[in-house]
2 protein chains.
Amino acid sequence: MSIDKENVSINELAQKLGLKMPTVTSMMQKLAADRLVKYEKYKPIHLTEKGKKEAGLIIRKHRLTEMFLVEVMKFGWEEVHDIAEQIEHINSPVFFKKMDEMLGFPEHDPHGSPIPDRAGNIKQAVRHPLCDFNSGESVVITGLARSEDDFLKFLNRKNIGLGTVLNILEKEEYDGSMKLKHGKKELLLSRPVCEELFAEIASGT
Amino acid sequence: MSIDKENVSINELAQKLGLKMPTVTSMMQKLAADRLVKYEKYKPIHLTEKGKKEAGLIIRKHRLTEMFLVEVMKFGWEEVHDIAEQIEHINSPVFFKKMDEMLGFPEHDPHGSPIPDRAGNIKQAVRHPLCDFNSGESVVITGLARSEDDFLKFLNRKNIGLGTVLNILEKEEYDGSMKLKHGKKELLLSRPVCEELFAEIASGT
DNA sequence: ATAAAAACTTAGATGCGTCTAATAATATAT
DNA sequence: ATATATTATTAGACGCATCTAAGTTTTTAT
Ligand SMILES: [Mn+2]
Ligand SMILES: [Mn+2]
Ligand SMILES: [Mn+2]
Ligand SMILES: [Mn+2]
């Protein structure tokens, strides 16, 4: 579940939610009555500012929970999404406040996505896919474009996680794959994978 | 929320659940169809064995959660019930398994109530109210008959918790109150309070 | 034993979320 | 441009949980 586009169609929503279109239409009409969504007949739908805050508050609970599950309860980053999907709906400010404190007020979840602030605002940083960097550069992995668990398990097998430092040895012209140095080992990542890994130039030495 | 009697009336259930009687009647008819409850017109209602197991599994999640909130997240025992009331409905065996492991497979919740086993069975120990003990005896507090938070806060003020050792100095005939020694201090507890505290003879020294 | 009160059940109404079928608007292809 | 396909809306049906009103059974009081 994640629709990050500004505008969505009734159709897309129906698909993702596993509902029929008329159901979504009437949902949107109700959300519009609450001013959470802008809805006009036959037009694409988008969240209002109020709606974004409201959504941000749930995303905050989701991501804090994921962080808690990984850092405190020692779950793997590939295990936490489904659990957080449920806990995000718990109504207890003090519960999430305590999580936040225990975690030292983290700004990112275990997959590198930003945790919205207490008002529900998301700080959107610019993110650079690994494939945009050049050979010779040394980069740190800071985030993921997808966090489906097959992708996360793939990264586990390759020993890649947030904070992993990679030296770019070569970029293959033909298929866009990259040869990288990871610690002492060499590693080849295909183009689609490189597109789904966000990175920054490594700061230290 | 807690109805510990074997048999309940439609009326009581309606009261506790904040619903009207006909609503509860139809609920009971549905639960009876699932063999979770024994229901006959105009007769008191009780859980079947299947129903008790099912209930036990939810109580297990509730009490494990309360323990987790107190031991891991450092909430006070008076804060945890309402949060656990929500988290008990999370569907994630691995989540509660992890809690259980982190806590070292506890057998009691923070209020001294037993945690049902993985099959939903509750081990019912005999419990002795403080007022049944006699002067001269030294006892440990092992449980509570009620865990409403006003009662828990009262016990906090008196510095009484699970494991607290009390020496019974005197039992007042007239009103059934008890004079106790708690560490170096003396303490007077009224009859109603003594009835709601469970205790055992202190083992040590 | 009889009457009155309380508890309980049944029948039918209402609200809500979902669906299907029919219709309308918009987008795509020829 | 016109026809066709896709997307969206509306109207009305259905299931489900709840309620009120009316009638029945059981309990309590006299
Ligand atoms: Mn997630
Ligand atoms: Mn969710
Ligand atoms: Mn509780
Ligand atoms: Mn609950």
# chains A, B, ... in the order shown; residues from 1 in each chain; ligands from 1
>>> residues_around(residues="range 182-198 of chain A", least_positions_apart="2", cutoff="10 Å", atoms="only C-alpha atoms (C1' of nucleotides)", output="ChimeraX atom specification")
/A:112,126-133,139-147,151,154-155,158-162,164-172,175-180,200
>>> write_last_selection(atoms="N, CA and C atoms", output="short mmCIF file (atom, residue, chain, number, x, y, z; two decimals), in the first residue's frame")
data_model
loop_
_atom_site.label_atom_id
_atom_site.label_comp_id
_atom_site.auth_asym_id
_atom_site.auth_seq_id
_atom_site.Cartn_x
_atom_site.Cartn_y
_atom_site.Cartn_z
N GLY A 112 14.53 3.89 5.82
CA GLY A 112 15.07 5.18 5.40
C GLY A 112 14.02 6.22 5.06
N VAL A 126 15.32 15.55 -0.89
CA VAL A 126 15.60 15.07 -2.24
C VAL A 126 16.39 13.78 -2.12
N ARG A 127 16.04 12.79 -2.92
CA ARG A 127 16.72 11.50 -2.81
C ARG A 127 17.33 11.11 -4.15
N HIS A 128 18.54 10.63 -4.08
CA HIS A 128 19.27 10.30 -5.30
C HIS A 128 19.42 8.81 -5.46
N PRO A 129 18.88 8.25 -6.55
CA PRO A 129 19.06 6.81 -6.77
C PRO A 129 20.53 6.50 -7.03
N LEU A 130 20.94 5.33 -6.55
CA LEU A 130 22.33 4.89 -6.70
C LEU A 130 22.82 5.00 -8.13
N CYS A 131 21.92 4.73 -9.09
CA CYS A 131 22.38 4.71 -10.49
C CYS A 131 22.76 6.10 -11.01
N ASP A 132 22.44 7.16 -10.25
CA ASP A 132 22.83 8.51 -10.66
C ASP A 132 24.26 8.88 -10.27
N PHE A 133 24.91 8.05 -9.46
CA PHE A 133 26.28 8.36 -9.06
C PHE A 133 27.27 7.80 -10.08
N VAL A 139 29.74 5.97 -1.77
CA VAL A 139 28.41 6.42 -1.32
C VAL A 139 27.88 5.59 -0.14
N VAL A 140 26.95 6.19 0.60
CA VAL A 140 26.23 5.47 1.66
C VAL A 140 24.80 5.25 1.23
N ILE A 141 24.27 4.09 1.54
CA ILE A 141 22.85 3.82 1.27
C ILE A 141 22.02 4.51 2.35
N THR A 142 21.03 5.31 1.91
CA THR A 142 20.22 6.07 2.87
C THR A 142 18.74 5.77 2.80
N GLY A 143 18.33 5.02 1.79
CA GLY A 143 16.88 4.76 1.69
C GLY A 143 16.56 3.82 0.55
N LEU A 144 15.28 3.46 0.47
CA LEU A 144 14.81 2.52 -0.53
C LEU A 144 13.57 3.08 -1.22
N ALA A 145 13.46 2.81 -2.50
CA ALA A 145 12.27 3.26 -3.21
C ALA A 145 11.08 2.34 -2.94
N ARG A 146 11.33 1.06 -2.69
CA ARG A 146 10.29 0.10 -2.36
C ARG A 146 10.71 -0.61 -1.09
N SER A 147 9.73 -1.06 -0.29
CA SER A 147 10.14 -1.90 0.84
C SER A 147 9.36 -3.20 0.88
N PHE A 151 12.24 -7.70 -1.81
CA PHE A 151 13.36 -6.80 -2.06
C PHE A 151 14.27 -6.72 -0.82
N PHE A 154 16.28 -9.81 -0.45
CA PHE A 154 17.36 -9.78 -1.45
C PHE A 154 18.53 -8.95 -0.90
N LEU A 155 18.22 -7.78 -0.35
CA LEU A 155 19.28 -6.92 0.21
C LEU A 155 19.96 -7.60 1.39
N LYS A 158 22.52 -9.84 0.14
CA LYS A 158 23.68 -9.10 -0.37
C LYS A 158 24.37 -8.31 0.74
N ASN A 159 23.83 -8.43 1.96
CA ASN A 159 24.42 -7.69 3.07
C ASN A 159 24.37 -6.18 2.91
N ILE A 160 23.30 -5.73 2.29
CA ILE A 160 23.15 -4.29 2.11
C ILE A 160 22.05 -3.78 3.01
N GLY A 161 22.33 -2.72 3.73
CA GLY A 161 21.32 -2.11 4.60
C GLY A 161 21.53 -0.61 4.64
N LEU A 162 20.73 0.09 5.43
CA LEU A 162 20.93 1.54 5.57
C LEU A 162 22.30 1.75 6.20
N THR A 164 25.10 1.22 4.74
CA THR A 164 26.12 0.47 4.02
C THR A 164 26.91 1.40 3.08
N VAL A 165 28.22 1.31 3.12
CA VAL A 165 29.06 2.13 2.25
C VAL A 165 29.49 1.30 1.03
N LEU A 166 29.36 1.88 -0.13
CA LEU A 166 29.73 1.19 -1.37
C LEU A 166 30.64 2.07 -2.22
N ASN A 167 31.69 1.49 -2.77
CA ASN A 167 32.54 2.21 -3.72
C ASN A 167 32.16 1.79 -5.12
N ILE A 168 31.92 2.80 -5.95
CA ILE A 168 31.49 2.48 -7.31
C ILE A 168 32.72 2.23 -8.17
N LEU A 169 32.88 0.99 -8.60
CA LEU A 169 34.05 0.63 -9.38
C LEU A 169 33.81 0.86 -10.87
N GLU A 170 32.62 0.54 -11.32
CA GLU A 170 32.35 0.58 -12.75
C GLU A 170 30.86 0.71 -13.01
N LYS A 171 30.49 1.45 -14.04
CA LYS A 171 29.09 1.46 -14.49
C LYS A 171 29.06 0.85 -15.88
N GLU A 172 28.32 -0.21 -16.03
CA GLU A 172 28.22 -0.87 -17.33
C GLU A 172 27.28 -0.08 -18.23
N ASP A 175 23.79 -2.25 -19.92
CA ASP A 175 22.55 -2.55 -19.18
C ASP A 175 22.40 -1.70 -17.92
N GLY A 176 23.33 -0.79 -17.68
CA GLY A 176 23.19 0.09 -16.52
C GLY A 176 23.49 -0.58 -15.20
N SER A 177 24.06 -1.76 -15.21
CA SER A 177 24.39 -2.41 -13.94
C SER A 177 25.66 -1.78 -13.37
N MET A 178 25.90 -1.99 -12.07
CA MET A 178 27.04 -1.35 -11.42
C MET A 178 27.89 -2.40 -10.71
N LYS A 179 29.22 -2.23 -10.85
CA LYS A 179 30.14 -3.07 -10.08
C LYS A 179 30.58 -2.24 -8.88
N LEU A 180 30.46 -2.83 -7.70
CA LEU A 180 30.70 -2.06 -6.47
C LEU A 180 31.64 -2.82 -5.55
N GLU A 200 23.88 8.71 -0.81
CA GLU A 200 24.54 10.02 -0.69
C GLU A 200 26.03 9.78 -0.78
#
>>> interface_residues(of="chain D", to="chain B", cutoff="8 Å", atoms="only C-alpha atoms (C1' of nucleotides)", output="PyMOL selection string")
chain D and resi 17-19+25-26
>>> interface_residues(of="chain C", to="chain A", cutoff="9 Å", atoms="only C-alpha atoms (C1' of nucleotides)", output="list in words")
DG17, DT18, DC19, DA25 and DT26 of chain C
>>> residues_near_ligand(ligand="ligand 1", cutoff="12 Å", atoms="only C-alpha atoms (C1' of nucleotides) and all ligand atoms", output="PyMOL selection string")
chain A and resi 1-2+58-67+69-70+77-88+108-115+144-149+152
>>> write_last_selection(atoms="C-alpha atoms", output="PDB file, in the first residue's frame")
ATOM      1  CA  MET A   1       0.000   0.000   0.000  1.00  0.00           C
ATOM      2  CA  SER A   2       1.450   3.323  -1.031  1.00  0.00           C
ATOM      3  CA  ILE A  58      -0.865   7.812  10.772  1.00  0.00           C
ATOM      4  CA  ILE A  59       2.323   7.451   8.747  1.00  0.00           C
ATOM      5  CA  ARG A  60       4.159   8.789  11.788  1.00  0.00           C
ATOM      6  CA  LYS A  61       2.674   6.048  13.957  1.00  0.00           C
ATOM      7  CA  HIS A  62       3.458   3.460  11.291  1.00  0.00           C
ATOM      8  CA  ARG A  63       7.097   4.437  10.929  1.00  0.00           C
ATOM      9  CA  LEU A  64       7.728   4.958  14.635  1.00  0.00           C
ATOM     10  CA  THR A  65       6.325   1.486  15.173  1.00  0.00           C
ATOM     11  CA  GLU A  66       8.564  -0.015  12.485  1.00  0.00           C
ATOM     12  CA  MET A  67      11.552   1.625  14.119  1.00  0.00           C
ATOM     13  CA  LEU A  69      10.025  -3.201  16.202  1.00  0.00           C
ATOM     14  CA  VAL A  70      13.505  -3.190  14.705  1.00  0.00           C
ATOM     15  CA  TRP A  77      13.409  -4.817   8.596  1.00  0.00           C
ATOM     16  CA  GLU A  78      11.556  -7.215   6.298  1.00  0.00           C
ATOM     17  CA  GLU A  79       9.195  -8.334   9.081  1.00  0.00           C
ATOM     18  CA  VAL A  80       7.897  -5.076  10.452  1.00  0.00           C
ATOM     19  CA  HIS A  81       5.609  -3.555   7.863  1.00  0.00           C
ATOM     20  CA  ASP A  82       2.615  -5.837   8.333  1.00  0.00           C
ATOM     21  CA  ILE A  83       2.700  -5.541  12.099  1.00  0.00           C
ATOM     22  CA  ALA A  84       3.028  -1.752  11.902  1.00  0.00           C
ATOM     23  CA  GLU A  85       0.090  -1.703   9.505  1.00  0.00           C
ATOM     24  CA  GLN A  86      -2.045  -2.799  12.447  1.00  0.00           C
ATOM     25  CA  ILE A  87      -0.391  -0.924  15.298  1.00  0.00           C
ATOM     26  CA  GLU A  88      -0.547   2.361  13.379  1.00  0.00           C
ATOM     27  CA  HIS A 108      13.709   7.962   9.664  1.00  0.00           C
ATOM     28  CA  ASP A 109      12.156   4.511   9.734  1.00  0.00           C
ATOM     29  CA  PRO A 110      14.149   1.285   9.245  1.00  0.00           C
ATOM     30  CA  HIS A 111      13.783   1.608   5.465  1.00  0.00           C
ATOM     31  CA  GLY A 112      15.066   5.178   5.400  1.00  0.00           C
ATOM     32  CA  SER A 113      11.712   6.893   4.952  1.00  0.00           C
ATOM     33  CA  PRO A 114      11.167  10.093   6.938  1.00  0.00           C
ATOM     34  CA  ILE A 115       9.035  10.024  10.084  1.00  0.00           C
ATOM     35  CA  LEU A 144      14.810   2.515  -0.533  1.00  0.00           C
ATOM     36  CA  ALA A 145      12.266   3.256  -3.214  1.00  0.00           C
ATOM     37  CA  ARG A 146      10.289   0.097  -2.358  1.00  0.00           C
ATOM     38  CA  SER A 147      10.136  -1.902   0.838  1.00  0.00           C
ATOM     39  CA  GLU A 148       8.375  -5.054  -0.306  1.00  0.00           C
ATOM     40  CA  ASP A 149       9.813  -7.906   1.693  1.00  0.00           C
ATOM     41  CA  LEU A 152      14.426  -6.493   1.593  1.00  0.00           C
TER      42      LEU A 152
END
>>> interface_residues(of="chain A", to="chain B", cutoff="8 Å", atoms="only C-alpha atoms", output="JSON, numbers by chain")
{"A": [73, 83, 86, 87, 90, 91, 92, 95, 98, 99, 102]}
>>> atom_distance(atom1="CA of Gln15 in chain B", atom2="CA of Lys123 in chain B")
28.4 Å
>>> closest_residue(among="B:Asn7, B:Glu137, B:Leu17, B:Gly104", to="ligand 4", atoms="only C-alpha atoms and all ligand atoms")
B:Leu17
>>> residues_around(residues="DT23 in chain C", least_positions_apart="5", cutoff="12 Å", atoms="only C-alpha atoms (C1' of nucleotides)", output="JSON, numbers by chain")
{"D": [8, 9, 10, 11]}
>>> residues_around(residues="DA27 in chain C", least_positions_apart="2", cutoff="10 Å", atoms="only C-alpha atoms (C1' of nucleotides)", output="VMD selection string")
(chain C and resid 25 29) or (chain D and resid 5 to 7)
>>> write_last_selection(atoms="C-alpha atoms (C1' of nucleotides)", output="PDB file, in the first residue's frame")
ATOM      1  C1'  DA C  25     -18.774  11.219 -19.062  1.00  0.00           C
ATOM      2  C1'  DA C  29      -8.477   4.257 -31.562  1.00  0.00           C
TER       3       DA C  29
ATOM      4  C1'  DA D   5     -13.471   1.296 -24.751  1.00  0.00           C
ATOM      5  C1'  DT D   6     -12.570   2.910 -20.287  1.00  0.00           C
ATOM      6  C1'  DT D   7     -13.663   5.261 -16.262  1.00  0.00           C
TER       7       DT D   7
END
>>> select_by_dssp(residues="range 3-160 of chain B", states="strand (DSSP E)", output="PDB file with N, CA, C and O atoms, in the first residue's frame")
ATOM      1  N   VAL B  37     -20.492 -20.234  22.982  1.00  0.00           N
ATOM      2  CA  VAL B  37     -21.309 -19.900  24.137  1.00  0.00           C
ATOM      3  C   VAL B  37     -22.487 -20.864  24.195  1.00  0.00           C
ATOM      4  O   VAL B  37     -22.964 -21.326  23.170  1.00  0.00           O
ATOM      5  N   LYS B  38     -22.907 -21.208  25.405  1.00  0.00           N
ATOM      6  CA  LYS B  38     -24.127 -22.006  25.554  1.00  0.00           C
ATOM      7  C   LYS B  38     -25.267 -21.039  25.775  1.00  0.00           C
ATOM      8  O   LYS B  38     -25.260 -20.268  26.724  1.00  0.00           O
ATOM      9  N   HIS B  46     -23.284 -19.079  29.470  1.00  0.00           N
ATOM     10  CA  HIS B  46     -21.900 -19.324  29.848  1.00  0.00           C
ATOM     11  C   HIS B  46     -21.073 -19.754  28.654  1.00  0.00           C
ATOM     12  O   HIS B  46     -21.598 -20.242  27.657  1.00  0.00           O
ATOM     13  N   LEU B  47     -19.765 -19.569  28.778  1.00  0.00           N
ATOM     14  CA  LEU B  47     -18.845 -19.965  27.715  1.00  0.00           C
ATOM     15  C   LEU B  47     -18.768 -21.479  27.604  1.00  0.00           C
ATOM     16  O   LEU B  47     -18.859 -22.194  28.606  1.00  0.00           O
ATOM     17  N   HIS B 128      -5.785 -15.848  48.281  1.00  0.00           N
ATOM     18  CA  HIS B 128      -6.239 -15.520  49.635  1.00  0.00           C
ATOM     19  C   HIS B 128      -6.225 -14.017  49.863  1.00  0.00           C
ATOM     20  O   HIS B 128      -5.168 -13.398  49.813  1.00  0.00           O
ATOM     21  N   PRO B 129      -7.374 -13.432  50.152  1.00  0.00           N
ATOM     22  CA  PRO B 129      -7.404 -11.991  50.439  1.00  0.00           C
ATOM     23  C   PRO B 129      -6.628 -11.686  51.722  1.00  0.00           C
ATOM     24  O   PRO B 129      -6.640 -12.490  52.665  1.00  0.00           O
ATOM     25  N   SER B 138       3.520 -12.648  58.495  1.00  0.00           N
ATOM     26  CA  SER B 138       4.239 -11.804  57.543  1.00  0.00           C
ATOM     27  C   SER B 138       3.873 -12.285  56.139  1.00  0.00           C
ATOM     28  O   SER B 138       4.056 -13.462  55.829  1.00  0.00           O
ATOM     29  N   VAL B 139       3.344 -11.395  55.328  1.00  0.00           N
ATOM     30  CA  VAL B 139       2.813 -11.824  54.026  1.00  0.00           C
ATOM     31  C   VAL B 139       3.393 -11.008  52.865  1.00  0.00           C
ATOM     32  O   VAL B 139       3.878  -9.895  53.058  1.00  0.00           O
ATOM     33  N   VAL B 140       3.328 -11.578  51.662  1.00  0.00           N
ATOM     34  CA  VAL B 140       3.698 -10.868  50.417  1.00  0.00           C
ATOM     35  C   VAL B 140       2.430 -10.618  49.614  1.00  0.00           C
ATOM     36  O   VAL B 140       1.599 -11.517  49.498  1.00  0.00           O
ATOM     37  N   ILE B 141       2.356  -9.469  49.021  1.00  0.00           N
ATOM     38  CA  ILE B 141       1.234  -9.175  48.119  1.00  0.00           C
ATOM     39  C   ILE B 141       1.499  -9.867  46.780  1.00  0.00           C
ATOM     40  O   ILE B 141       2.576  -9.715  46.200  1.00  0.00           O
ATOM     41  N   THR B 142       0.510 -10.630  46.305  1.00  0.00           N
ATOM     42  CA  THR B 142       0.707 -11.397  45.067  1.00  0.00           C
ATOM     43  C   THR B 142      -0.318 -11.080  43.984  1.00  0.00           C
ATOM     44  O   THR B 142      -0.189 -11.555  42.852  1.00  0.00           O
ATOM     45  N   GLY B 143      -1.339 -10.305  44.335  1.00  0.00           N
ATOM     46  CA  GLY B 143      -2.349 -10.018  43.321  1.00  0.00           C
ATOM     47  C   GLY B 143      -3.396  -9.040  43.807  1.00  0.00           C
ATOM     48  O   GLY B 143      -3.402  -8.642  44.972  1.00  0.00           O
ATOM     49  N   LEU B 144      -4.277  -8.673  42.892  1.00  0.00           N
ATOM     50  CA  LEU B 144      -5.317  -7.703  43.193  1.00  0.00           C
ATOM     51  C   LEU B 144      -6.659  -8.227  42.697  1.00  0.00           C
ATOM     52  O   LEU B 144      -6.726  -8.862  41.651  1.00  0.00           O
TER      53      LEU B 144
END
>>> select_by_dssp(residues="range 37-198 of chain B", states="alpha helix (DSSP H)", output="ChimeraX atom specification")
/B:49-71,80-87,93-102,149-157,191-195
>>> atom_distance(atom1="CA of Ala202 in chain B", atom2="CA of Pro116 in chain B")
25.2 Å
>>> residues_around(residues="range 3-7 of chain C", least_positions_apart="4", cutoff="8 Å", atoms="only C-alpha atoms (C1' of nucleotides)", output="list of chain:residue names")
B:Asn11, D:DT26, D:DT27, D:DT28, D:DA29, D:DT30
